[in-house]
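Participant: Just so it is clear, I am handing over start01.cif, which has mmCIF, C-alpha atoms.
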```cif
data_target
loop_
_atom_site.group_PDB
_atom_site.id
_atom_site.type_symbol
_atom_site.label_atom_id
_atom_site.label_comp_id
_atom_site.auth_asym_id
_atom_site.auth_seq_id
_atom_site.Cartn_x
_atom_site.Cartn_y
_atom_site.Cartn_z
ATOM 1 C CA MET X 1 5.687 -8.889 -23.112
ATOM 2 C CA ASN X 2 8.397 -10.354 -20.974
ATOM 3 C CA ALA X 3 8.327 -11.750 -17.445
ATOM 4 C CA GLU X 4 9.694 -8.591 -15.775
ATOM 5 C CA PHE X 5 6.930 -6.465 -17.246
ATOM 6 C CA LEU X 6 4.156 -8.853 -16.230
ATOM 7 C CA LEU X 7 5.543 -9.315 -12.709
ATOM 8 C CA GLY X 8 5.963 -5.546 -12.374
ATOM 9 C CA MET X 9 2.369 -4.906 -13.443
ATOM 10 C CA ALA X 10 1.103 -7.508 -10.966
ATOM 11 C CA LEU X 11 3.143 -6.009 -8.110
ATOM 12 C CA LEU X 12 2.003 -2.521 -9.051
ATOM 13 C CA ALA X 13 -1.664 -3.548 -9.000
ATOM 14 C CA ILE X 14 -1.339 -5.449 -5.709
ATOM 15 C CA GLY X 15 0.569 -2.573 -4.134
ATOM 16 C CA VAL X 16 -1.974 0.027 -5.202
ATOM 17 C CA VAL X 17 -4.777 -2.024 -3.646
ATOM 18 C CA ALA X 18 -2.725 -2.529 -0.455
ATOM 19 C CA VAL X 19 -2.112 1.214 -0.121
ATOM 20 C CA ALA X 20 -5.649 2.248 -1.027
ATOM 21 C CA PHE X 21 -7.341 -0.161 1.381
ATOM 22 C CA PRO X 22 -4.947 -0.760 4.318
ATOM 23 C CA ARG X 23 -5.978 -3.334 6.907
ATOM 24 C CA ASP X 24 -3.636 -1.938 9.522
ATOM 25 C CA ARG X 25 -3.567 1.853 9.744
ATOM 26 C CA ARG X 26 -0.150 2.212 11.374
ATOM 27 C CA TYR X 27 2.389 4.381 9.604
ATOM 28 C CA LEU X 28 5.030 1.675 9.323
ATOM 29 C CA THR X 29 2.580 -0.640 7.598
ATOM 30 C CA ARG X 30 1.721 2.093 5.114
ATOM 31 C CA LEU X 31 5.398 2.714 4.437
ATOM 32 C CA ILE X 32 5.950 -0.960 3.685
ATOM 33 C CA SER X 33 2.847 -0.994 1.501
ATOM 34 C CA LEU X 34 4.261 1.916 -0.512
ATOM 35 C CA GLU X 35 7.421 -0.056 -1.260
ATOM 36 C CA ILE X 36 5.458 -2.843 -3.002
ATOM 37 C CA PRO X 37 4.204 -0.718 -5.925
ATOM 38 C CA ALA X 38 7.583 1.039 -6.068
ATOM 39 C CA PHE X 39 9.297 -2.289 -6.641
ATOM 40 C CA GLY X 40 6.709 -3.147 -9.293
ATOM 41 C CA LEU X 41 7.424 0.133 -11.080
ATOM 42 C CA LEU X 42 11.138 -0.639 -10.864
ATOM 43 C CA LEU X 43 10.567 -3.979 -12.618
ATOM 44 C CA ILE X 44 8.522 -2.276 -15.334
ATOM 45 C CA MET X 45 11.356 0.200 -15.957
ATOM 46 C CA LEU X 46 13.837 -2.670 -16.064
ATOM 47 C CA SER X 47 11.799 -4.358 -18.763
ATOM 48 C CA TYR X 48 12.084 -1.215 -20.937
ATOM 49 C CA ASP X 49 15.805 -0.851 -20.138
ATOM 50 C CA GLU X 50 15.613 2.888 -19.554
ATOM 51 C CA THR X 51 18.842 3.475 -17.674
ATOM 52 C CA ILE X 52 18.435 7.157 -16.806
ATOM 53 C CA ALA X 53 14.851 6.696 -15.643
ATOM 54 C CA LEU X 54 15.855 3.640 -13.635
ATOM 55 C CA LEU X 55 18.726 5.410 -11.862
ATOM 56 C CA THR X 56 16.540 8.440 -11.126
ATOM 57 C CA PHE X 57 13.805 6.211 -9.733
ATOM 58 C CA ILE X 58 16.243 4.369 -7.460
ATOM 59 C CA ALA X 59 17.679 7.642 -6.132
ATOM 60 C CA VAL X 60 14.273 9.207 -5.480
ATOM 61 C CA THR X 61 12.976 6.055 -3.795
ATOM 62 C CA ALA X 62 15.990 5.878 -1.503
ATOM 63 C CA ILE X 63 15.633 9.524 -0.462
ATOM 64 C CA ALA X 64 11.854 9.268 -0.026
ATOM 65 C CA THR X 65 12.190 6.151 2.132
ATOM 66 C CA PHE X 66 14.745 7.920 4.337
ATOM 67 C CA VAL X 67 12.499 10.985 4.722
ATOM 68 C CA LEU X 68 9.385 8.915 5.449
ATOM 69 C CA THR X 69 11.264 6.867 8.046
ATOM 70 C CA ARG X 70 12.402 10.056 9.814
ATOM 71 C CA VAL X 71 8.835 11.385 9.812
ATOM 72 C CA LEU X 72 7.530 8.127 11.263
ATOM 73 C CA GLU X 73 10.174 8.159 13.998
ATOM 74 C CA ARG X 74 9.278 11.732 14.980
ATOM 75 C CA ARG X 75 5.549 11.011 15.023
ATOM 76 C CA GLY X 76 6.195 8.021 17.282
ATOM 77 C CA GLU X 77 7.978 10.214 19.839
ATOM 78 C CA ALA X 78 5.106 12.723 20.116
#
```
As structure tokens - that is how I would like this structure written.
Facilitator:
Amino acid sequence: MNAEFLLGMALLAIGVVAVAFPRDRRYLTRLISLEIPAFGLLLIMLSYDETIALLTFIAVTAIATFVLTRVLERRGEA
């Protein structure tokens, strides 16, 4: 096991706990909390050197973050 894998697993576990039990229930805080386990999963994929899976994950994360940000902006206006 290398350092990227161990750091990724730690970030994934911390992020899952942060999303499951949020202290602050605002939508922006939840969005930020979702990015923590996503970054941990990215590090895990980097440790396995799966290029196609890594590129797909980066693309899906970028699109999902954009969509979630738009939803949060619209909910703030209402």
Participant: Could you tell me which of X:Leu28, X:Leu34, X:Ala10, X:Ala20 comes closest to X:Glu73 if we count all atoms listed in the file?
Facilitator: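 Of X:Leu28, X:Leu34, X:Ala10, X:Ala20, the one nearest X:Glu73, counting all atoms listed in the file, is X:Leu28.
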Participant: For stretch 47-58 of chain X, work out the shell of residues within 8 Å, counting all atoms listed in the file and skipping chain neighbours fewer than 3 positions away, then give it as a list in words.
Facilitator: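 Surrounding residues, per the criterion: Asn2, Glu4, Phe5, Leu42, Leu43, Ile44, Thr61 and Ala62 of chain X.
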Participant: For a quick check of understanding, using all atoms listed in the file, which of X:Leu11, X:Val71, X:Ala59, X:Ala18 has the smallest distance to X:Phe39?
Facilitator: X:Leu11
Participant: Tell me, in Å to one decimal, how far atom CA of X:Leu68 is from atom CA of X:Ala38.
Facilitator: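 Straight-line distance from atom CA of X:Leu68 to atom CA of X:Ala38 works out to 14.1 Å.
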Participant: Hey, can you check how far atom CA of X:Val17 sits from atom CA of X:Arg74?
Facilitator: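 Distance between the two atoms: 27.1 Å.
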Participant: Quick one: distance from atom CA of X:Leu72 to atom CA of X:Leu7 in Å, one decimal?
Facilitator: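 Spanning atom CA of X:Leu72 to atom CA of X:Leu7 is a straight-line distance of 29.7 Å.
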Participant: Looking at all atoms listed in the file, which of X:Arg75, X:Gly15, X:Arg23, X:Val67 is the one that sits closest to X:Ile36?
Facilitator: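 Counting all atoms listed in the file, the residue closest to X:Ile36 is X:Gly15.
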Participant: Draw an axis-aligned box over all listed atoms of stretch 52-65 of chain X, pad each side with 8 Å, and write its centre and edge lengths in Å, one decimal, as JSON.
Facilitator:
```
{"center_x": 15.3, "center_y": 6.6, "center_z": -7.3, "size_x": 22.9, "size_y": 21.9, "size_z": 34.9}
```
